[in-house]
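Please read the structure below before turning to the comments.
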Amino acid sequence: ASGLPVVTANQPPFTEFLSSDSALLVNPERESAIATAMIQASQPQIRRQLREPGLAVAARYSWATAAQQHLDQYHQLCSQSARAID
């Protein structure tokens, strides 16, 4: 959300919402891969390349969106429970 590159594991759950277009995905068990990605993340070209896709991903996961999704789910469950009681 700050427009900085993300370095994360190349495995679920991270790969469920991030791709190589929006983050630097690495094998979390390889220290050299993590170190290389951190160096890459400091390079201006990589930072520019990942900025917009990263911001787009972050925009889909705001606190407001998460709160609204939870509220919608609660309303749906309450509605289903009320119908089951009738």
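By convention in this document, the chains of the structure tokens carry letters A, B, ... by their order, each chain's residues are numbered from 1, and ligands are numbered from 1 in the order they are shown.
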Q: Might you pull out every residue within 8 Å of Leu55 of chain A, with only C-alpha atoms counted and same-chain residues fewer than 4 positions away left off, and present them as a list of chain:residue names?
A: A:Ala1, A:Ser2, A:Gly3, A:Arg51, A:Ala59
Go ahead and save the residues from that selection, with N, CA, C and O atoms, as a PDB file, in the first residue's frame.
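Contents of part.pdb, freshly written:
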```pdb
ATOM      1  N   ALA A   1       0.819  -1.193   0.000  1.00  0.00           N
ATOM      2  CA  ALA A   1       0.000   0.000   0.000  1.00  0.00           C
ATOM      3  C   ALA A   1       0.866   1.263   0.000  1.00  0.00           C
ATOM      4  O   ALA A   1       0.376   2.332  -0.324  1.00  0.00           O
ATOM      5  N   SER A   2       2.138   1.130   0.335  1.00  0.00           N
ATOM      6  CA  SER A   2       3.029   2.295   0.352  1.00  0.00           C
ATOM      7  C   SER A   2       3.768   2.474  -0.973  1.00  0.00           C
ATOM      8  O   SER A   2       4.553   3.398  -1.120  1.00  0.00           O
ATOM      9  N   GLY A   3       3.526   1.574  -1.921  1.00  0.00           N
ATOM     10  CA  GLY A   3       4.175   1.685  -3.219  1.00  0.00           C
ATOM     11  C   GLY A   3       5.571   1.102  -3.267  1.00  0.00           C
ATOM     12  O   GLY A   3       6.293   1.309  -4.239  1.00  0.00           O
ATOM     13  N   ARG A  51       5.665  -1.155  -8.743  1.00  0.00           N
ATOM     14  CA  ARG A  51       4.858  -0.165  -8.015  1.00  0.00           C
ATOM     15  C   ARG A  51       3.371  -0.228  -8.349  1.00  0.00           C
ATOM     16  O   ARG A  51       2.539  -0.441  -7.466  1.00  0.00           O
ATOM     17  N   ALA A  59      -4.982  -2.284  -3.127  1.00  0.00           N
ATOM     18  CA  ALA A  59      -6.292  -1.619  -3.160  1.00  0.00           C
ATOM     19  C   ALA A  59      -7.437  -2.613  -3.007  1.00  0.00           C
ATOM     20  O   ALA A  59      -8.504  -2.272  -2.495  1.00  0.00           O
TER      21      ALA A  59
END
```
Q.
With only C-alpha atoms as the counted atoms, please give the residues lying no more than 10 Å from Ser20 of chain A, apart from itself and same-chain residues fewer than 5 positions off, as an MDAnalysis selection string.
A. chainID A and resid 10 15 25:26 50 53
(Q) Ranking A:Gln45, A:Thr8, A:Gln68, A:Thr36 by minimum distance to Ala23 of chain A and counting only C-alpha atoms, which one comes first? (A)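 Going through A:Gln45, A:Thr8, A:Gln68, A:Thr36 one by one, the smallest distance to Ala23 of chain A is for A:Thr8.
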Q. Atom CA of Glu52 of chain A and atom CA of Asp21 of chain A are how many Å apart?
A.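 Between these atoms lies a distance of 9.6 Å.
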Q: One decimal, Å: what's the distance from atom CA of Arg48 of chain A over to atom CA of Ile34 of chain A, could you say?
A: 19.6 Å
(Q) Write out as number ranges by chain the set of residues from chain A that DSSP, computed on the backbone, places in alpha helix (DSSP H). (A) A: 31-41, 44-59, 63-85
Would you mind exporting the chosen residues as a short mmCIF file (atom, residue, chain, number, x, y, z; two decimals), in the first residue's frame, restricted to C-alpha atoms?
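Wrote again_33.cif, looks like this:
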```cif
data_model
loop_
_atom_site.label_atom_id
_atom_site.label_comp_id
_atom_site.auth_asym_id
_atom_site.auth_seq_id
_atom_site.Cartn_x
_atom_site.Cartn_y
_atom_site.Cartn_z
CA GLU A 31 18.62 -17.41 2.18
CA SER A 32 20.45 -16.49 -1.02
CA ALA A 33 17.13 -16.10 -2.89
CA ILE A 34 15.81 -13.80 -0.16
CA ALA A 35 19.01 -11.75 -0.17
CA THR A 36 18.98 -11.46 -3.96
CA ALA A 37 15.34 -10.33 -3.97
CA MET A 38 16.06 -7.73 -1.30
CA ILE A 39 18.88 -6.33 -3.42
CA GLN A 40 16.61 -6.33 -6.48
CA ALA A 41 13.89 -4.54 -4.51
CA PRO A 44 14.98 1.83 -9.11
CA GLN A 45 13.92 -0.08 -12.23
CA ILE A 46 12.43 -2.96 -10.20
CA ARG A 47 10.75 -0.52 -7.83
CA ARG A 48 9.09 1.26 -10.77
CA GLN A 49 8.14 -2.04 -12.40
CA LEU A 50 6.39 -3.41 -9.29
CA ARG A 51 4.86 -0.16 -8.01
CA GLU A 52 1.58 0.03 -9.96
CA PRO A 53 0.76 -3.70 -9.88
CA GLY A 54 1.53 -3.77 -6.16
CA LEU A 55 -0.70 -0.79 -5.47
CA ALA A 56 -3.51 -2.46 -7.45
CA VAL A 57 -3.24 -5.59 -5.29
CA ALA A 58 -3.18 -3.55 -2.09
CA ALA A 59 -6.29 -1.62 -3.16
CA TRP A 63 -9.64 -2.57 5.83
CA ALA A 64 -12.88 -1.06 4.60
CA THR A 65 -13.32 -3.82 2.02
CA ALA A 66 -12.53 -6.54 4.57
CA ALA A 67 -14.96 -5.05 7.11
CA GLN A 68 -17.72 -4.80 4.49
CA GLN A 69 -17.18 -8.41 3.40
CA HIS A 70 -17.42 -9.59 7.02
CA LEU A 71 -20.55 -7.55 7.60
CA ASP A 72 -22.13 -8.94 4.43
CA GLN A 73 -21.31 -12.48 5.57
CA TYR A 74 -22.87 -11.88 9.01
CA HIS A 75 -26.03 -10.49 7.40
CA GLN A 76 -26.25 -13.51 5.12
CA LEU A 77 -25.81 -15.93 8.02
CA CYS A 78 -28.39 -14.12 10.14
CA SER A 79 -30.84 -14.19 7.24
CA GLN A 80 -30.30 -17.93 6.75
CA SER A 81 -30.74 -18.58 10.47
CA ALA A 82 -33.97 -16.59 10.57
CA ARG A 83 -35.39 -18.61 7.66
CA ALA A 84 -34.35 -21.89 9.31
CA ILE A 85 -36.23 -20.95 12.50
#
```
Q.
Could you go through chain A and tell me which residues DSSP, when run on the backbone, assigns to strand (DSSP E), listing them as a list of chain:residue names?
A.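 Reading the DSSP output for chain A, strand (DSSP E) covers A:Val7, A:Thr8, A:Ala9, A:Leu24, A:Leu25, A:Val26.
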For the selection just defined, write its residues with N, CA and C atoms to a file, as an mmCIF file, in the first residue's frame.
```cif
data_model
loop_
_atom_site.group_PDB
_atom_site.id
_atom_site.type_symbol
_atom_site.label_atom_id
_atom_site.label_comp_id
_atom_site.auth_asym_id
_atom_site.auth_seq_id
_atom_site.Cartn_x
_atom_site.Cartn_y
_atom_site.Cartn_z
ATOM 1 N N VAL A 7 8.689 -8.495 -1.113
ATOM 2 C CA VAL A 7 9.432 -9.752 -1.226
ATOM 3 C C VAL A 7 8.691 -10.746 -0.353
ATOM 4 N N THR A 8 8.236 -11.843 -0.954
ATOM 5 C CA THR A 8 7.460 -12.818 -0.193
ATOM 6 C C THR A 8 7.689 -14.229 -0.716
ATOM 7 N N ALA A 9 7.192 -15.194 0.023
ATOM 8 C CA ALA A 9 7.363 -16.602 -0.330
ATOM 9 C C ALA A 9 6.588 -16.954 -1.596
ATOM 10 N N LEU A 24 8.179 -9.769 -5.682
ATOM 11 C CA LEU A 24 9.329 -10.646 -5.884
ATOM 12 C C LEU A 24 9.066 -11.897 -5.054
ATOM 13 N N LEU A 25 8.793 -13.007 -5.739
ATOM 14 C CA LEU A 25 8.456 -14.259 -5.073
ATOM 15 C C LEU A 25 9.713 -15.113 -4.952
ATOM 16 N N VAL A 26 9.982 -15.594 -3.747
ATOM 17 C CA VAL A 26 11.215 -16.345 -3.507
ATOM 18 C C VAL A 26 10.937 -17.621 -2.726
#
```
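When atom CA of Pro5 of chain A is paired with atom CA of Ser22 of chain A, their separation reads 7.9 Å.
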